[in-house]
>>> print(open('run-v4.pdb').read())   # PDB, C-alpha atoms, pLDDT in the B column
MODEL        1
ATOM      1  CA  MET A   1      25.137 147.071  62.851  1.00 48.00           C
ATOM      2  CA  LYS A   2      23.430 147.811  59.523  1.00 50.00           C
ATOM      3  CA  VAL A   3      26.569 149.566  58.247  1.00 44.00           C
ATOM      4  CA  TYR A   4      28.671 146.522  59.212  1.00 43.00           C
ATOM      5  CA  ILE A   5      26.342 144.164  57.326  1.00 43.00           C
ATOM      6  CA  ILE A   6      26.369 146.403  54.260  1.00 41.00           C
ATOM      7  CA  LEU A   7      30.180 146.490  54.259  1.00 42.00           C
ATOM      8  CA  LEU A   8      30.316 142.696  54.466  1.00 43.00           C
ATOM      9  CA  LEU A   9      27.944 142.411  51.526  1.00 43.00           C
ATOM     10  CA  LEU A  10      29.938 144.920  49.523  1.00 42.00           C
ATOM     11  CA  ALA A  11      33.352 143.367  50.256  1.00 43.00           C
ATOM     12  CA  PRO A  12      33.365 141.034  47.227  1.00 42.00           C
ATOM     13  CA  VAL A  13      32.339 143.924  44.982  1.00 39.00           C
ATOM     14  CA  LEU A  14      34.957 146.278  46.390  1.00 39.00           C
ATOM     15  CA  THR A  15      37.739 143.720  45.804  1.00 40.00           C
ATOM     16  CA  LEU A  16      36.510 142.694  42.377  1.00 39.00           C
ATOM     17  CA  GLY A  17      39.246 143.302  39.828  1.00 43.00           C
ATOM     18  CA  GLN A  18      41.925 143.645  42.488  1.00 47.00           C
ATOM     19  CA  THR A  19      44.240 140.672  41.938  1.00 60.00           C
ATOM     20  CA  SER A  20      47.378 139.873  43.878  1.00 90.00           C
ATOM     21  CA  PHE A  21      50.685 139.793  42.060  1.00 93.00           C
ATOM     22  CA  LEU A  22      51.499 136.110  41.505  1.00 97.00           C
ATOM     23  CA  PRO A  23      54.749 135.984  39.514  1.00 98.00           C
ATOM     24  CA  ARG A  24      55.215 132.840  37.444  1.00 98.00           C
ATOM     25  CA  ASP A  25      58.980 133.162  37.540  1.00 98.00           C
ATOM     26  CA  CYS A  26      61.853 135.535  38.308  1.00 98.00           C
ATOM     27  CA  SER A  27      61.340 137.278  34.984  1.00 98.00           C
ATOM     28  CA  ASP A  28      57.915 138.461  36.140  1.00 98.00           C
ATOM     29  CA  ILE A  29      59.434 139.761  39.383  1.00 98.00           C
ATOM     30  CA  HIS A  30      62.151 141.639  37.496  1.00 98.00           C
ATOM     31  CA  ASN A  31      59.722 143.118  34.995  1.00 97.00           C
ATOM     32  CA  LYS A  32      57.535 144.472  37.799  1.00 97.00           C
ATOM     33  CA  ASN A  33      60.480 146.022  39.634  1.00 97.00           C
ATOM     34  CA  LYS A  34      63.840 146.130  37.864  1.00 96.00           C
ATOM     35  CA  ALA A  35      65.574 147.242  41.057  1.00 97.00           C
ATOM     36  CA  LYS A  36      65.007 143.877  42.750  1.00 97.00           C
ATOM     37  CA  PRO A  37      68.366 142.289  43.702  1.00 98.00           C
ATOM     38  CA  SER A  38      69.357 138.646  43.372  1.00 98.00           C
ATOM     39  CA  GLY A  39      67.983 136.512  46.184  1.00 98.00           C
ATOM     40  CA  VAL A  40      65.208 134.192  47.321  1.00 98.00           C
ATOM     41  CA  TYR A  41      61.685 134.969  46.116  1.00 98.00           C
ATOM     42  CA  VAL A  42      58.315 133.224  45.913  1.00 98.00           C
ATOM     43  CA  ILE A  43      56.885 132.299  42.517  1.00 98.00           C
ATOM     44  CA  TYR A  44      53.673 130.610  41.366  1.00 98.00           C
ATOM     45  CA  PRO A  45      54.397 128.563  38.210  1.00 97.00           C
ATOM     46  CA  ILE A  46      50.747 127.593  37.637  1.00 96.00           C
ATOM     47  CA  GLY A  47      48.789 129.864  39.937  1.00 95.00           C
ATOM     48  CA  ALA A  48      48.006 130.466  43.600  1.00 95.00           C
ATOM     49  CA  THR A  49      48.218 126.810  44.666  1.00 95.00           C
ATOM     50  CA  SER A  50      51.738 126.315  43.267  1.00 96.00           C
ATOM     51  CA  ARG A  51      53.690 128.558  45.655  1.00 97.00           C
ATOM     52  CA  VAL A  52      57.411 127.727  45.749  1.00 98.00           C
ATOM     53  CA  GLU A  53      60.605 129.497  46.814  1.00 98.00           C
ATOM     54  CA  VAL A  54      63.351 129.968  44.238  1.00 98.00           C
ATOM     55  CA  TYR A  55      66.633 131.801  43.909  1.00 98.00           C
ATOM     56  CA  CYS A  56      66.451 134.608  41.351  1.00 98.00           C
ATOM     57  CA  ASP A  57      69.640 135.663  39.576  1.00 98.00           C
ATOM     58  CA  MET A  58      69.006 139.291  38.675  1.00 98.00           C
ATOM     59  CA  ASP A  59      72.620 140.020  37.686  1.00 98.00           C
ATOM     60  CA  SER A  60      74.037 137.488  35.222  1.00 98.00           C
ATOM     61  CA  GLN A  61      73.716 138.362  31.535  1.00 98.00           C
ATOM     62  CA  GLY A  62      70.732 140.653  31.908  1.00 97.00           C
ATOM     63  CA  GLY A  63      69.223 138.938  34.951  1.00 98.00           C
ATOM     64  CA  ARG A  64      65.657 137.599  35.199  1.00 98.00           C
ATOM     65  CA  TRP A  65      66.927 134.022  35.674  1.00 98.00           C
ATOM     66  CA  THR A  66      64.982 131.446  37.707  1.00 98.00           C
ATOM     67  CA  VAL A  67      67.478 129.023  39.242  1.00 99.00           C
ATOM     68  CA  PHE A  68      66.187 125.439  39.236  1.00 99.00           C
ATOM     69  CA  GLN A  69      69.386 123.670  40.299  1.00 98.00           C
ATOM     70  CA  LYS A  70      71.987 125.040  42.697  1.00 98.00           C
ATOM     71  CA  ARG A  71      75.109 123.404  44.142  1.00 98.00           C
ATOM     72  CA  VAL A  72      77.552 125.473  46.199  1.00 98.00           C
ATOM     73  CA  ASP A  73      78.930 123.572  49.184  1.00 98.00           C
ATOM     74  CA  GLY A  74      77.663 119.992  49.422  1.00 98.00           C
ATOM     75  CA  THR A  75      75.249 120.610  52.303  1.00 98.00           C
ATOM     76  CA  VAL A  76      72.351 118.940  50.473  1.00 98.00           C
ATOM     77  CA  ASN A  77      72.356 115.287  49.385  1.00 98.00           C
ATOM     78  CA  PHE A  78      71.363 115.110  45.704  1.00 98.00           C
ATOM     79  CA  TYR A  79      71.255 111.294  45.563  1.00 98.00           C
ATOM     80  CA  GLN A  80      67.494 111.322  45.967  1.00 98.00           C
ATOM     81  CA  PRO A  81      64.550 109.179  44.769  1.00 98.00           C
ATOM     82  CA  TRP A  82      62.182 109.937  41.910  1.00 98.00           C
ATOM     83  CA  SER A  83      59.504 111.373  44.205  1.00 98.00           C
ATOM     84  CA  LEU A  84      61.814 114.141  45.453  1.00 98.00           C
ATOM     85  CA  TYR A  85      63.249 114.954  42.034  1.00 99.00           C
ATOM     86  CA  LYS A  86      59.672 115.313  40.873  1.00 98.00           C
ATOM     87  CA  LEU A  87      58.557 117.655  43.684  1.00 98.00           C
ATOM     88  CA  GLY A  88      61.857 119.317  44.616  1.00 98.00           C
ATOM     89  CA  PHE A  89      64.143 119.373  47.667  1.00 98.00           C
ATOM     90  CA  GLY A  90      66.719 121.481  49.501  1.00 98.00           C
ATOM     91  CA  SER A  91      66.672 125.210  50.291  1.00 98.00           C
ATOM     92  CA  ALA A  92      66.658 128.012  47.714  1.00 98.00           C
ATOM     93  CA  ALA A  93      68.916 130.006  50.036  1.00 97.00           C
ATOM     94  CA  VAL A  94      71.667 127.392  49.849  1.00 98.00           C
ATOM     95  CA  GLU A  95      71.380 124.270  47.645  1.00 98.00           C
ATOM     96  CA  TYR A  96      68.261 122.931  45.991  1.00 98.00           C
ATOM     97  CA  TRP A  97      66.451 121.257  43.123  1.00 99.00           C
ATOM     98  CA  LEU A  98      63.233 123.017  42.084  1.00 98.00           C
ATOM     99  CA  GLY A  99      61.375 119.899  40.995  1.00 98.00           C
ATOM    100  CA  LEU A 100      60.672 118.397  37.583  1.00 98.00           C
ATOM    101  CA  ASP A 101      56.995 119.344  37.679  1.00 98.00           C
ATOM    102  CA  ASN A 102      57.889 123.000  38.225  1.00 98.00           C
ATOM    103  CA  ILE A 103      60.613 122.926  35.570  1.00 98.00           C
ATOM    104  CA  HIS A 104      58.121 121.449  33.113  1.00 98.00           C
ATOM    105  CA  HIS A 105      55.519 124.112  33.882  1.00 98.00           C
ATOM    106  CA  LEU A 106      58.022 126.962  33.610  1.00 98.00           C
ATOM    107  CA  THR A 107      59.489 125.830  30.288  1.00 98.00           C
ATOM    108  CA  ASN A 108      56.232 124.887  28.590  1.00 96.00           C
ATOM    109  CA  GLN A 109      54.217 128.021  29.334  1.00 90.00           C
ATOM    110  CA  ARG A 110      56.776 130.208  27.586  1.00 94.00           C
ATOM    111  CA  LYS A 111      59.732 129.476  25.305  1.00 98.00           C
ATOM    112  CA  SER A 112      62.772 129.383  27.578  1.00 98.00           C
ATOM    113  CA  GLU A 113      66.549 129.620  27.426  1.00 98.00           C
ATOM    114  CA  LEU A 114      69.113 128.058  29.772  1.00 99.00           C
ATOM    115  CA  LEU A 115      72.239 129.410  31.442  1.00 99.00           C
ATOM    116  CA  VAL A 116      74.620 127.097  33.321  1.00 99.00           C
ATOM    117  CA  LEU A 117      77.092 128.916  35.574  1.00 99.00           C
ATOM    118  CA  MET A 118      80.121 127.027  36.910  1.00 98.00           C
ATOM    119  CA  GLU A 119      83.118 127.648  39.149  1.00 98.00           C
ATOM    120  CA  ASP A 120      86.114 125.470  39.981  1.00 98.00           C
ATOM    121  CA  PHE A 121      88.072 125.397  43.244  1.00 98.00           C
ATOM    122  CA  SER A 122      90.675 127.858  41.951  1.00 98.00           C
ATOM    123  CA  GLY A 123      87.992 130.501  41.489  1.00 98.00           C
ATOM    124  CA  LYS A 124      87.718 130.320  37.695  1.00 98.00           C
ATOM    125  CA  LYS A 125      84.195 130.887  36.385  1.00 98.00           C
ATOM    126  CA  VAL A 126      82.743 129.830  33.031  1.00 98.00           C
ATOM    127  CA  TYR A 127      79.307 129.236  31.568  1.00 99.00           C
ATOM    128  CA  ALA A 128      77.340 127.414  28.908  1.00 98.00           C
ATOM    129  CA  ARG A 129      74.222 128.953  27.443  1.00 98.00           C
ATOM    130  CA  TYR A 130      71.467 127.419  25.331  1.00 98.00           C
ATOM    131  CA  LYS A 131      68.920 129.304  23.252  1.00 98.00           C
ATOM    132  CA  LEU A 132      66.155 126.760  23.852  1.00 98.00           C
ATOM    133  CA  PHE A 133      65.411 124.550  26.852  1.00 98.00           C
ATOM    134  CA  SER A 134      62.276 122.649  27.854  1.00 98.00           C
ATOM    135  CA  VAL A 135      61.185 119.582  29.802  1.00 98.00           C
ATOM    136  CA  ASP A 136      58.227 117.393  28.839  1.00 98.00           C
ATOM    137  CA  THR A 137      55.552 115.966  31.150  1.00 98.00           C
ATOM    138  CA  GLU A 138      56.046 113.118  33.605  1.00 98.00           C
ATOM    139  CA  TYR A 139      54.067 110.906  31.224  1.00 98.00           C
ATOM    140  CA  SER A 140      56.855 111.482  28.681  1.00 98.00           C
ATOM    141  CA  GLY A 141      59.536 110.782  31.282  1.00 98.00           C
ATOM    142  CA  TYR A 142      60.329 114.483  31.700  1.00 98.00           C
ATOM    143  CA  LYS A 143      62.231 114.294  28.425  1.00 98.00           C
ATOM    144  CA  LEU A 144      64.813 117.041  27.923  1.00 98.00           C
ATOM    145  CA  HIS A 145      64.989 119.332  24.904  1.00 98.00           C
ATOM    146  CA  VAL A 146      68.031 121.598  24.711  1.00 98.00           C
ATOM    147  CA  SER A 147      69.626 123.293  21.708  1.00 98.00           C
ATOM    148  CA  GLY A 148      71.338 126.433  20.452  1.00 98.00           C
ATOM    149  CA  PHE A 149      74.602 126.199  22.376  1.00 98.00           C
ATOM    150  CA  ILE A 150      76.422 129.500  23.012  1.00 98.00           C
ATOM    151  CA  LYS A 151      80.077 129.374  24.062  1.00 98.00           C
ATOM    152  CA  GLY A 152      81.051 130.616  27.491  1.00 98.00           C
ATOM    153  CA  GLY A 153      84.260 128.712  28.223  1.00 98.00           C
ATOM    154  CA  ALA A 154      82.653 125.545  29.592  1.00 98.00           C
ATOM    155  CA  GLY A 155      82.016 123.662  26.364  1.00 98.00           C
ATOM    156  CA  ASP A 156      78.821 121.863  25.418  1.00 98.00           C
ATOM    157  CA  SER A 157      78.215 118.977  27.816  1.00 98.00           C
ATOM    158  CA  LEU A 158      74.440 118.916  27.340  1.00 98.00           C
ATOM    159  CA  ALA A 159      74.256 117.950  23.652  1.00 98.00           C
ATOM    160  CA  HIS A 160      74.597 114.287  24.654  1.00 96.00           C
ATOM    161  CA  HIS A 161      71.606 114.628  26.981  1.00 98.00           C
ATOM    162  CA  ASN A 162      69.207 116.191  24.489  1.00 98.00           C
ATOM    163  CA  GLY A 163      66.172 113.939  24.039  1.00 98.00           C
ATOM    164  CA  CYS A 164      66.920 111.892  27.175  1.00 98.00           C
ATOM    165  CA  LYS A 165      64.415 111.050  29.876  1.00 98.00           C
ATOM    166  CA  PHE A 166      65.142 111.776  33.540  1.00 98.00           C
ATOM    167  CA  SER A 167      66.505 108.946  35.681  1.00 98.00           C
ATOM    168  CA  THR A 168      67.008 108.331  39.397  1.00 98.00           C
ATOM    169  CA  PHE A 169      68.281 105.302  41.291  1.00 98.00           C
ATOM    170  CA  ASP A 170      64.703 104.038  41.724  1.00 98.00           C
ATOM    171  CA  LYS A 171      63.474 104.910  38.215  1.00 98.00           C
ATOM    172  CA  ASP A 172      65.881 104.010  35.423  1.00 98.00           C
ATOM    173  CA  GLN A 173      64.964 105.597  32.078  1.00 98.00           C
ATOM    174  CA  ASP A 174      68.402 105.833  30.464  1.00 98.00           C
ATOM    175  CA  ILE A 175      69.546 103.865  27.395  1.00 97.00           C
ATOM    176  CA  TRP A 176      72.451 102.079  29.085  1.00 97.00           C
ATOM    177  CA  SER A 177      72.309  98.387  30.015  1.00 96.00           C
ATOM    178  CA  LYS A 178      72.975  99.361  33.647  1.00 97.00           C
ATOM    179  CA  SER A 179      71.586 102.241  35.724  1.00 98.00           C
ATOM    180  CA  CYS A 180      73.506 105.482  35.177  1.00 98.00           C
ATOM    181  CA  ALA A 181      71.914 107.012  38.272  1.00 98.00           C
ATOM    182  CA  LYS A 182      73.116 104.144  40.480  1.00 98.00           C
ATOM    183  CA  VAL A 183      76.602 103.944  38.993  1.00 98.00           C
ATOM    184  CA  PHE A 184      77.243 107.698  39.011  1.00 98.00           C
ATOM    185  CA  TYR A 185      75.245 108.564  42.154  1.00 98.00           C
ATOM    186  CA  GLY A 186      72.945 111.239  40.806  1.00 98.00           C
ATOM    187  CA  GLY A 187      69.660 112.095  39.168  1.00 98.00           C
ATOM    188  CA  PHE A 188      69.712 113.566  35.681  1.00 99.00           C
ATOM    189  CA  TRP A 189      68.757 113.255  32.025  1.00 98.00           C
ATOM    190  CA  TYR A 190      71.153 110.365  31.505  1.00 98.00           C
ATOM    191  CA  GLY A 191      71.772 108.783  28.127  1.00 98.00           C
ATOM    192  CA  SER A 192      74.582 106.261  28.098  1.00 96.00           C
ATOM    193  CA  CYS A 193      75.587 107.767  30.505  1.00 97.00           C
ATOM    194  CA  HIS A 194      76.723 111.399  30.797  1.00 98.00           C
ATOM    195  CA  TYR A 195      78.897 114.314  29.830  1.00 98.00           C
ATOM    196  CA  ALA A 196      77.279 116.359  32.606  1.00 98.00           C
ATOM    197  CA  ASN A 197      76.498 115.115  36.099  1.00 98.00           C
ATOM    198  CA  PRO A 198      75.595 118.304  38.012  1.00 98.00           C
ATOM    199  CA  ASN A 199      73.609 116.338  40.600  1.00 98.00           C
ATOM    200  CA  GLY A 200      76.437 113.933  41.366  1.00 98.00           C
ATOM    201  CA  VAL A 201      78.336 113.536  44.643  1.00 98.00           C
ATOM    202  CA  TYR A 202      79.800 116.803  45.920  1.00 98.00           C
ATOM    203  CA  ARG A 203      83.562 116.330  46.007  1.00 96.00           C
ATOM    204  CA  TRP A 204      86.505 118.738  46.202  1.00 95.00           C
ATOM    205  CA  GLY A 205      88.157 119.262  42.844  1.00 95.00           C
ATOM    206  CA  SER A 206      90.398 116.728  41.149  1.00 96.00           C
ATOM    207  CA  ASP A 207      90.222 113.147  42.420  1.00 91.00           C
ATOM    208  CA  LYS A 208      91.719 110.350  40.309  1.00 90.00           C
ATOM    209  CA  SER A 209      90.400 107.673  42.692  1.00 88.00           C
ATOM    210  CA  VAL A 210      86.845 107.938  41.347  1.00 91.00           C
ATOM    211  CA  TYR A 211      85.488 108.286  37.830  1.00 97.00           C
ATOM    212  CA  ALA A 212      82.633 110.577  36.786  1.00 97.00           C
ATOM    213  CA  THR A 213      80.678 110.422  40.057  1.00 98.00           C
ATOM    214  CA  GLY A 214      81.266 114.021  41.108  1.00 98.00           C
ATOM    215  CA  VAL A 215      79.658 117.304  40.056  1.00 98.00           C
ATOM    216  CA  VAL A 216      80.939 116.893  36.512  1.00 98.00           C
ATOM    217  CA  TRP A 217      80.934 119.056  33.383  1.00 98.00           C
ATOM    218  CA  ALA A 218      83.197 116.912  31.231  1.00 98.00           C
ATOM    219  CA  THR A 219      83.832 119.356  28.368  1.00 98.00           C
ATOM    220  CA  TRP A 220      85.413 121.792  30.819  1.00 98.00           C
ATOM    221  CA  LYS A 221      87.216 119.858  33.566  1.00 98.00           C
ATOM    222  CA  GLY A 222      86.884 116.215  32.529  1.00 98.00           C
ATOM    223  CA  TYR A 223      85.474 113.253  34.437  1.00 98.00           C
ATOM    224  CA  TYR A 224      87.841 113.306  37.422  1.00 98.00           C
ATOM    225  CA  TYR A 225      87.081 116.861  38.531  1.00 98.00           C
ATOM    226  CA  SER A 226      84.117 117.814  40.721  1.00 98.00           C
ATOM    227  CA  LEU A 227      83.080 121.465  40.496  1.00 98.00           C
ATOM    228  CA  LYS A 228      82.883 123.866  43.423  1.00 98.00           C
ATOM    229  CA  SER A 229      79.573 125.307  42.236  1.00 98.00           C
ATOM    230  CA  ILE A 230      77.057 124.994  39.439  1.00 98.00           C
ATOM    231  CA  HIS A 231      73.758 126.804  38.868  1.00 98.00           C
ATOM    232  CA  MET A 232      71.267 125.818  36.161  1.00 99.00           C
ATOM    233  CA  GLN A 233      68.809 128.619  35.470  1.00 98.00           C
ATOM    234  CA  ILE A 234      66.112 129.543  32.967  1.00 98.00           C
ATOM    235  CA  ARG A 235      64.221 132.576  31.717  1.00 98.00           C
ATOM    236  CA  PRO A 236      61.670 133.274  28.993  1.00 98.00           C
ATOM    237  CA  VAL A 237      63.146 134.049  25.599  1.00 97.00           C
ATOM    238  CA  SER A 238      62.833 137.782  24.949  1.00 83.00           C
TER     239      SER A 238
ENDMDL
END
>>> encode(input="run-v4.pdb", output="structure tokens")
Amino acid sequence: MKVYIILLLLAPVLTLGQTSFLPRDCSDIHNKNKAKPSGVYVIYPIGATSRVEVYCDMDSQGGRWTVFQKRVDGTVNFYQPWSLYKLGFGSAAVEYWLGLDNIHHLTNQRKSELLVLMEDFSGKKVYARYKLFSVDTEYSGYKLHVSGFIKGGAGDSLAHHNGCKFSTFDKDQDIWSKSCAKVFYGGFWYGSCHYANPNGVYRWGSDKSVYATGVVWATWKGYYYSLKSIHMQIRPVS
């Protein structure tokens, strides 16, 4: 009994200095074990209470990418209110949005870059890459900062959105007289209104009956084409 009591008293001392591995992002996971494959992992953007599942791309252009937006098959509805765009929705294994709070934390702790991977319905793949990417606080409207475009076949559809606040159908922060989110059925950093609408309605390729409401990257496929897949992903600048 005395031994048991002594062990209980010593437990905090014995564990002192032994901290669990709490990766902030996929870069931390990769740096700890470079053999880790792409897939779903748990990260902690601001510590133990901020546990969240993400998809880690450990293959594209050196890997270490934390995916914060993923569209692949239309199984998740991205026409969501402000509260869900703030906190996140969907499944990291399929389609999801990581949440504006998490994106802010990830891009403000460390200088970050952005990679946008896209595929059309004929199987062609392109990308757009940006040397710097960050999102401000909710108080600032989650304002977007993106610069340093690097060509990858997709063209630069985000330049128009630089400096824009995030908008949803129930929180209009764009600079248009109407609501971009309502008219184009998405949630994004709309200006007046968009060159990119990655969170638009999932449609199947070219459709001349609707304008700019699909999963659009206008500098690649124009406003009448909805992409098969798009991933927006970030990592700390080396």
>>> residues_around(input="run-v4.pdb", residues="Lys228 of chain A", least_positions_apart="3", cutoff="6 Å", atoms="all atoms listed in the file", output="PyMOL selection string")
chain A and resi 119-121
>>> resolve_selection(input="run-v4.pdb", expression="the PyMOL selection byres ((chain A and resi 223) around 8)", output="ChimeraX atom specification")
/A:211-214,216-218,221-222,224-226
>>> residues_around(input="run-v4.pdb", residues="segment 32-35 of chain A", least_positions_apart="6", cutoff="10 Å", atoms="all atoms listed in the file", output="list of chain:residue names")
A:Phe21, A:Pro23, A:Cys26, A:Met58, A:Gly63, A:Arg64
>>> write_last_selection(input="run-v4.pdb", atoms="C-alpha atoms", output="tab-separated table (two decimals), in the coordinates of the input")
chain	number	residue	atom	x	y	z
A	21	PHE	CA	50.68	139.79	42.06
A	23	PRO	CA	54.75	135.98	39.51
A	26	CYS	CA	61.85	135.54	38.31
A	58	MET	CA	69.01	139.29	38.67
A	63	GLY	CA	69.22	138.94	34.95
A	64	ARG	CA	65.66	137.60	35.20
>>> residues_around(input="run-v4.pdb", residues="Ile230 of chain A", least_positions_apart="3", cutoff="12 Å", atoms="all atoms listed in the file", output="PyMOL selection string")
chain A and resi 67-74+94-97+115-121+125-128+154+196-200+202+214-217+226-227+233
>>> write_last_selection(input="run-v4.pdb", atoms="C-alpha atoms", output="CSV table (one decimal), in the frame of the given file")
chain,number,residue,atom,x,y,z
A,67,VAL,CA,67.5,129.0,39.2
A,68,PHE,CA,66.2,125.4,39.2
A,69,GLN,CA,69.4,123.7,40.3
A,70,LYS,CA,72.0,125.0,42.7
A,71,ARG,CA,75.1,123.4,44.1
A,72,VAL,CA,77.6,125.5,46.2
A,73,ASP,CA,78.9,123.6,49.2
A,74,GLY,CA,77.7,120.0,49.4
A,94,VAL,CA,71.7,127.4,49.8
A,95,GLU,CA,71.4,124.3,47.6
A,96,TYR,CA,68.3,122.9,46.0
A,97,TRP,CA,66.5,121.3,43.1
A,115,LEU,CA,72.2,129.4,31.4
A,116,VAL,CA,74.6,127.1,33.3
A,117,LEU,CA,77.1,128.9,35.6
A,118,MET,CA,80.1,127.0,36.9
A,119,GLU,CA,83.1,127.6,39.1
A,120,ASP,CA,86.1,125.5,40.0
A,121,PHE,CA,88.1,125.4,43.2
A,125,LYS,CA,84.2,130.9,36.4
A,126,VAL,CA,82.7,129.8,33.0
A,127,TYR,CA,79.3,129.2,31.6
A,128,ALA,CA,77.3,127.4,28.9
A,154,ALA,CA,82.7,125.5,29.6
A,196,ALA,CA,77.3,116.4,32.6
A,197,ASN,CA,76.5,115.1,36.1
A,198,PRO,CA,75.6,118.3,38.0
A,199,ASN,CA,73.6,116.3,40.6
A,200,GLY,CA,76.4,113.9,41.4
A,202,TYR,CA,79.8,116.8,45.9
A,214,GLY,CA,81.3,114.0,41.1
A,215,VAL,CA,79.7,117.3,40.1
A,216,VAL,CA,80.9,116.9,36.5
A,217,TRP,CA,80.9,119.1,33.4
A,226,SER,CA,84.1,117.8,40.7
A,227,LEU,CA,83.1,121.5,40.5
A,233,GLN,CA,68.8,128.6,35.5
>>> atom_distance(input="run-v4.pdb", atom1="atom CA of Gly90 of chain A", atom2="atom CA of His231 of chain A")
13.8 Å
>>> atom_distance(input="run-v4.pdb", atom1="atom CA of Lys178 of chain A", atom2="atom CA of Tyr195 of chain A")
16.5 Å
>>> resolve_selection(input="run-v4.pdb", expression="the PyMOL selection byres ((chain A and resi 164) around 10)", output="list in words")
Val135, Gly141, Tyr142, Lys143, Leu144, His145, His160, His161, Asn162, Gly163, Lys165, Phe166, Ser167, Gln173, Asp174, Ile175, Phe188, Trp189, Tyr190, Gly191 and Ser192 of chain A
>>> residues_around(input="run-v4.pdb", residues="Arg51 of chain A", least_positions_apart="4", cutoff="12 Å", atoms="all atoms listed in the file", output="VMD selection string")
chain A and resid 22 to 25 41 to 47 98 102
>>> axis_aligned_box(input="run-v4.pdb", around="segment 81-97 of chain A", padding_each_side="6 Å", output="JSON")
{"center_x": 65.1, "center_y": 119.6, "center_z": 45.6, "size_x": 25.1, "size_y": 32.8, "size_z": 21.4}
>>> resolve_selection(input="run-v4.pdb", expression="the PyMOL selection byres ((chain A and resi 109) around 10)", output="number ranges by chain")
A: 24, 45-46, 104-108, 110-112, 134, 236
>>> closest_residue(input="run-v4.pdb", among="A:Ser27, A:Gly152, A:Ala159, A:Thr168", to="Gly62 of chain A", atoms="all atoms listed in the file")
A:Ser27
>>> closest_residue(input="run-v4.pdb", among="A:Lys131, A:Arg235, A:Lys171, A:Lys151", to="Trp82 of chain A", atoms="all atoms listed in the file")
A:Lys171
>>> residues_around(input="run-v4.pdb", residues="Tyr130 of chain A", least_positions_apart="2", cutoff="6 Å", atoms="all atoms listed in the file", output="ChimeraX atom specification")
/A:113-114,132,147-150
>>> atom_distance(input="run-v4.pdb", atom1="atom CA of Thr66 of chain A", atom2="atom CA of Glu53 of chain A")
10.3 Å
>>> residues_near_point(input="run-v4.pdb", point="(63.8, 107.1, 46.1)", cutoff="10 Å", atoms="only C-alpha atoms", output="PyMOL selection string")
chain A and resi 79-85+168-171
